[in-house]
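For reference, the structure is listed below as structure tokens.
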Amino acid sequence: MVAAMTDGNLSPGATQIGDPGGKSDAGVRSIGRAVSILELFDAEHPSRTLREIVSLTGLPKTTVVRVLATLETLDLVADKGESTYGLGTGFLRWVDLARSLWEVSADVRRVMAELVDACGETVNIYVRRDRSRISIAQVEGSSTVRSVVKVGVPYSLMTGAGAKILLSGTPEPVLRALLAQRSDADSEAFRCEVLSINEVGYAVTHGERELGASAVAAPIHGADGRVIAALSASGPTSRFTADRVGTLVDQVTSAAARIEQLGLGNVEAFL
């Protein structure tokens with residue numbers, strides 16, 4: 001697979017595997033290019049034209065064509081004709097497996113549903129993956145106007161109540177890297193905010209991730225005491241009044257404590 005996607009700018013046998021700039025580096029680079037192409041497909045864009053892929057990745061057309069050809073032989077991409085591509089059948093064998101590995105338990109789902117019944121807002125469980133946060137479970141709110149995020153899609157670890165909770169357990173090198181990406185961030189003030197959230201045990205944000213959206217989040221600790229996830233209730237800022245936020249904090253922290261007692265399920269092995 002790696003050999004098939006090797007860049008091609010290097011002559012075979014020119015360098016040994018592991019040499020700087022050698023085949024292994026080219027292979028990793030090729031895998032990165034393949035992933036960057038696959039990430040262009042989502043619910044809003046189930047298919048992409050060759051021209052779109054070239055434009056969005058910024059890769060040379062010849063490179064894109066070569067990577068697409070390799071992905072097609074692996075059934076990870078399907079050619080729909082007229083230089084238009086979609087995901088291939090190869091992904092089908094991984095869908096149920098990935099869902100089963102990352103799904104929270106039925107008991108946890110029940111607690112999330114009860115929280116939605118109590119507060120009416122959308123409830124998510126977020127985990128940190130490197131420098132991003134990802135929702136691995138969601139129960140949509142009962143109101144017509146509600147906040148919904150995409151499960152499995154990376155979101156910023158710098159904004160939002162769920163992110164602030166997860167940051168309390170983030171290793172120092174990751175935190176420094178995140179702050180380096182945000183030149184507009186006051187690093188000392190940000191660190192103080194994260195420390196304060198860790199001490200009080202919940203976070204409340206308004207309009208950080210998206211204008212007009214608010215959230216309340218609380219930590220979910222693992223058996224070893226680490227913050228392994230964040231339970232969040234989010235919705236329109238207009239409903240997150242000062243009086244109601246206090247009630248939401250109680251509801252979310254109580255639900256997070258119940259989930260801690262239950263355990264998230266098999267997914268904890270990855271956290």
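Chain lettering (A, B, ...) mirrors the order of the structure tokens, residue numbering begins at 1 for each chain separately, and ligand numbering begins at 1 in order of display.
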List every residue of region 8-251 of chain A that DSSP, applied to the backbone of this structure, assigns to strand (DSSP E), and report them as an MDAnalysis selection string. chainID A and resid 47:49 77:81 84:87 122:129 132:139 154:156 203:206 213:221 227:236
Need to verify the contact set: Gly152 (chain A), 7 Å, only C-alpha atoms, exclusion of same-chain residues closer than 5 positions in sequence. Can you return it as a ChimeraX atom specification? /A:134-136
Residue selection dump (all heavy atoms) as an mmCIF file, in the first residue's frame:
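Below is the file that was written, out-v8.cif:
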data_model
loop_
_atom_site.group_PDB
_atom_site.id
_atom_site.type_symbol
_atom_site.label_atom_id
_atom_site.label_comp_id
_atom_site.auth_asym_id
_atom_site.auth_seq_id
_atom_site.Cartn_x
_atom_site.Cartn_y
_atom_site.Cartn_z
ATOM 1 N N ILE A 134 -13.555 15.536 19.734
ATOM 2 C CA ILE A 134 -14.466 14.836 18.834
ATOM 3 C C ILE A 134 -15.639 14.303 19.633
ATOM 4 O O ILE A 134 -15.458 13.718 20.703
ATOM 5 C CB ILE A 134 -13.739 13.675 18.125
ATOM 6 C CG1 ILE A 134 -12.638 14.225 17.211
ATOM 7 C CG2 ILE A 134 -14.711 12.818 17.327
ATOM 8 C CD1 ILE A 134 -11.807 13.152 16.547
ATOM 9 N N SER A 135 -16.838 14.501 19.127
ATOM 10 C CA SER A 135 -18.015 13.911 19.757
ATOM 11 C C SER A 135 -18.098 12.448 19.348
ATOM 12 O O SER A 135 -18.085 12.127 18.160
ATOM 13 C CB SER A 135 -19.295 14.642 19.316
ATOM 14 O OG SER A 135 -20.438 13.933 19.770
ATOM 15 N N ILE A 136 -18.159 11.571 20.347
ATOM 16 C CA ILE A 136 -18.294 10.141 20.049
ATOM 17 C C ILE A 136 -19.715 9.654 20.304
ATOM 18 O O ILE A 136 -20.058 8.519 19.964
ATOM 19 C CB ILE A 136 -17.304 9.291 20.874
ATOM 20 C CG1 ILE A 136 -17.526 9.487 22.375
ATOM 21 C CG2 ILE A 136 -15.869 9.620 20.477
ATOM 22 C CD1 ILE A 136 -16.737 8.517 23.237
#
What's the 10 Å shell around Arg239 (chain A), counting only C-alpha atoms, without same-chain residues fewer than 5 positions away, as a PyMOL selection string? chain A and resi 121+213-214+234+244-245
Put those residues in a file: C-alpha atoms, as a short mmCIF file (atom, residue, chain, number, x, y, z; two decimals), in the first residue's frame.
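Saved to part.cif:
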data_model
loop_
_atom_site.label_atom_id
_atom_site.label_comp_id
_atom_site.auth_asym_id
_atom_site.auth_seq_id
_atom_site.Cartn_x
_atom_site.Cartn_y
_atom_site.Cartn_z
CA GLU A 121 -30.76 20.67 24.89
CA ALA A 213 -24.50 28.97 20.58
CA SER A 214 -23.83 28.26 24.26
CA SER A 234 -25.53 22.91 24.16
CA ARG A 244 -31.18 28.62 33.63
CA VAL A 245 -27.42 28.12 33.41
#
Alpha helix (DSSP H) residues, from DSSP on the backbone, in region 16-91 of chain A, as an NGL selection string: :A and (23-38 or 50-57 or 61-73)
Write out, as a CSV table (one decimal), in the first residue's frame, the residues just selected, with N, CA, C and O atoms.
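selection-v1.csv, written as the output of this step:
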chain,number,residue,atom,x,y,z
A,23,LYS,N,12.7,6.6,1.5
A,23,LYS,CA,11.4,6.0,1.1
A,23,LYS,C,10.4,6.0,2.2
A,23,LYS,O,9.2,6.2,1.9
A,24,SER,N,10.8,5.8,3.4
A,24,SER,CA,9.8,5.8,4.5
A,24,SER,C,9.2,7.2,4.6
A,24,SER,O,8.0,7.3,4.9
A,25,ASP,N,10.0,8.3,4.5
A,25,ASP,CA,9.4,9.6,4.5
A,25,ASP,C,8.4,9.8,3.4
A,25,ASP,O,7.4,10.4,3.5
A,26,ALA,N,8.8,9.4,2.2
A,26,ALA,CA,7.9,9.5,1.0
A,26,ALA,C,6.7,8.7,1.2
A,26,ALA,O,5.6,9.2,0.8
A,27,GLY,N,6.8,7.5,1.9
A,27,GLY,CA,5.6,6.7,2.1
A,27,GLY,C,4.6,7.4,3.1
A,27,GLY,O,3.4,7.4,2.9
A,28,VAL,N,5.2,8.0,4.2
A,28,VAL,CA,4.4,8.7,5.1
A,28,VAL,C,3.7,9.9,4.5
A,28,VAL,O,2.5,10.2,4.7
A,29,ARG,N,4.5,10.6,3.6
A,29,ARG,CA,3.9,11.7,2.9
A,29,ARG,C,2.8,11.3,2.0
A,29,ARG,O,1.7,12.0,1.9
A,30,SER,N,2.9,10.2,1.4
A,30,SER,CA,1.9,9.7,0.4
A,30,SER,C,0.6,9.3,1.2
A,30,SER,O,-0.5,9.5,0.8
A,31,ILE,N,0.8,8.7,2.4
A,31,ILE,CA,-0.3,8.3,3.2
A,31,ILE,C,-1.1,9.6,3.7
A,31,ILE,O,-2.3,9.6,3.6
A,32,GLY,N,-0.3,10.6,4.0
A,32,GLY,CA,-0.9,11.9,4.4
A,32,GLY,C,-1.7,12.5,3.3
A,32,GLY,O,-2.8,13.0,3.5
A,33,ARG,N,-1.2,12.4,2.1
A,33,ARG,CA,-1.9,12.9,0.9
A,33,ARG,C,-3.2,12.1,0.7
A,33,ARG,O,-4.2,12.7,0.4
A,34,ALA,N,-3.1,10.8,0.8
A,34,ALA,CA,-4.3,10.0,0.6
A,34,ALA,C,-5.4,10.4,1.7
A,34,ALA,O,-6.6,10.5,1.3
A,35,VAL,N,-5.0,10.5,2.9
A,35,VAL,CA,-5.9,10.9,4.0
A,35,VAL,C,-6.5,12.3,3.7
A,35,VAL,O,-7.7,12.5,3.9
A,36,SER,N,-5.7,13.2,3.3
A,36,SER,CA,-6.2,14.6,3.0
A,36,SER,C,-7.3,14.5,1.9
A,36,SER,O,-8.2,15.3,1.9
A,37,ILE,N,-7.1,13.6,0.9
A,37,ILE,CA,-8.2,13.5,-0.1
A,37,ILE,C,-9.4,12.9,0.5
A,37,ILE,O,-10.5,13.3,0.2
A,38,LEU,N,-9.3,11.8,1.2
A,38,LEU,CA,-10.4,11.1,1.8
A,38,LEU,C,-11.2,12.0,2.7
A,38,LEU,O,-12.5,12.0,2.8
A,50,LEU,N,-12.4,15.8,-9.8
A,50,LEU,CA,-11.0,15.8,-9.8
A,50,LEU,C,-10.5,17.3,-9.6
A,50,LEU,O,-9.6,17.5,-8.9
A,51,ARG,N,-11.2,18.2,-10.3
A,51,ARG,CA,-10.8,19.6,-10.2
A,51,ARG,C,-10.9,20.1,-8.8
A,51,ARG,O,-10.1,20.8,-8.3
A,52,GLU,N,-12.0,19.7,-8.1
A,52,GLU,CA,-12.2,20.1,-6.7
A,52,GLU,C,-11.1,19.6,-5.8
A,52,GLU,O,-10.6,20.3,-5.0
A,53,ILE,N,-10.8,18.3,-6.0
A,53,ILE,CA,-9.8,17.7,-5.2
A,53,ILE,C,-8.4,18.3,-5.3
A,53,ILE,O,-7.7,18.6,-4.4
A,54,VAL,N,-8.1,18.6,-6.6
A,54,VAL,CA,-6.8,19.3,-6.8
A,54,VAL,C,-6.8,20.7,-6.2
A,54,VAL,O,-5.8,21.1,-5.5
A,55,SER,N,-7.9,21.4,-6.3
A,55,SER,CA,-8.0,22.8,-5.8
A,55,SER,C,-8.0,22.8,-4.3
A,55,SER,O,-7.3,23.6,-3.6
A,56,LEU,N,-8.7,21.9,-3.6
A,56,LEU,CA,-8.9,21.9,-2.2
A,56,LEU,C,-7.6,21.3,-1.5
A,56,LEU,O,-7.3,21.7,-0.4
A,57,THR,N,-6.9,20.4,-2.1
A,57,THR,CA,-5.7,19.9,-1.5
A,57,THR,C,-4.5,20.7,-1.8
A,57,THR,O,-3.5,20.6,-1.0
A,61,LYS,N,-1.9,18.0,-10.0
A,61,LYS,CA,-2.9,17.1,-10.6
A,61,LYS,C,-2.4,15.7,-10.8
A,61,LYS,O,-3.1,14.7,-10.5
A,62,THR,N,-1.1,15.6,-11.2
A,62,THR,CA,-0.5,14.3,-11.4
A,62,THR,C,-0.5,13.5,-10.1
A,62,THR,O,-0.7,12.3,-10.1
A,63,THR,N,-0.2,14.2,-9.0
A,63,THR,CA,-0.1,13.5,-7.7
A,63,THR,C,-1.5,13.0,-7.3
A,63,THR,O,-1.7,11.9,-6.8
A,64,VAL,N,-2.5,13.9,-7.5
A,64,VAL,CA,-3.9,13.5,-7.1
A,64,VAL,C,-4.3,12.3,-7.9
A,64,VAL,O,-4.9,11.4,-7.4
A,65,VAL,N,-4.1,12.4,-9.2
A,65,VAL,CA,-4.5,11.2,-10.1
A,65,VAL,C,-3.8,9.9,-9.6
A,65,VAL,O,-4.5,8.9,-9.6
A,66,ARG,N,-2.6,10.0,-9.3
A,66,ARG,CA,-1.8,8.8,-8.8
A,66,ARG,C,-2.4,8.3,-7.5
A,66,ARG,O,-2.6,7.1,-7.4
A,67,VAL,N,-2.7,9.2,-6.6
A,67,VAL,CA,-3.2,8.7,-5.3
A,67,VAL,C,-4.6,8.2,-5.4
A,67,VAL,O,-4.9,7.1,-4.9
A,68,LEU,N,-5.4,8.8,-6.2
A,68,LEU,CA,-6.8,8.3,-6.5
A,68,LEU,C,-6.7,6.9,-7.1
A,68,LEU,O,-7.6,6.1,-6.8
A,69,ALA,N,-5.8,6.7,-8.0
A,69,ALA,CA,-5.7,5.4,-8.7
A,69,ALA,C,-5.4,4.3,-7.7
A,69,ALA,O,-6.0,3.2,-7.7
A,70,THR,N,-4.5,4.7,-6.7
A,70,THR,CA,-4.1,3.7,-5.7
A,70,THR,C,-5.3,3.4,-4.8
A,70,THR,O,-5.6,2.3,-4.4
A,71,LEU,N,-6.0,4.5,-4.3
A,71,LEU,CA,-7.2,4.3,-3.5
A,71,LEU,C,-8.3,3.5,-4.2
A,71,LEU,O,-9.0,2.7,-3.5
A,72,GLU,N,-8.4,3.7,-5.5
A,72,GLU,CA,-9.4,3.0,-6.2
A,72,GLU,C,-9.1,1.5,-6.3
A,72,GLU,O,-10.0,0.6,-6.1
A,73,THR,N,-7.8,1.1,-6.4
A,73,THR,CA,-7.4,-0.3,-6.4
A,73,THR,C,-7.7,-1.0,-5.1
A,73,THR,O,-7.9,-2.2,-5.0
Pairwise distance for CA of Val252 (chain A) and CA of Pro219 (chain A), rounded to one decimal in Å: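 Distance between the two atoms: 9.4 Å.
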Given the choices A:Pro173, A:Pro46, A:Gly225, A:Pro154, which gets closest to Ser132 (chain A) if the distance is worked out from only C-alpha atoms?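 Checking each candidate against Ser132 (chain A), we get A:Pro154 as the closest.
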Quick one: of A:Thr122, A:Arg128, A:Glu39, A:Thr205, who's nearest to Leu175 (chain A), counting only C-alpha atoms?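 Among the listed residues, the smallest separation from Leu175 (chain A) belongs to A:Arg128.
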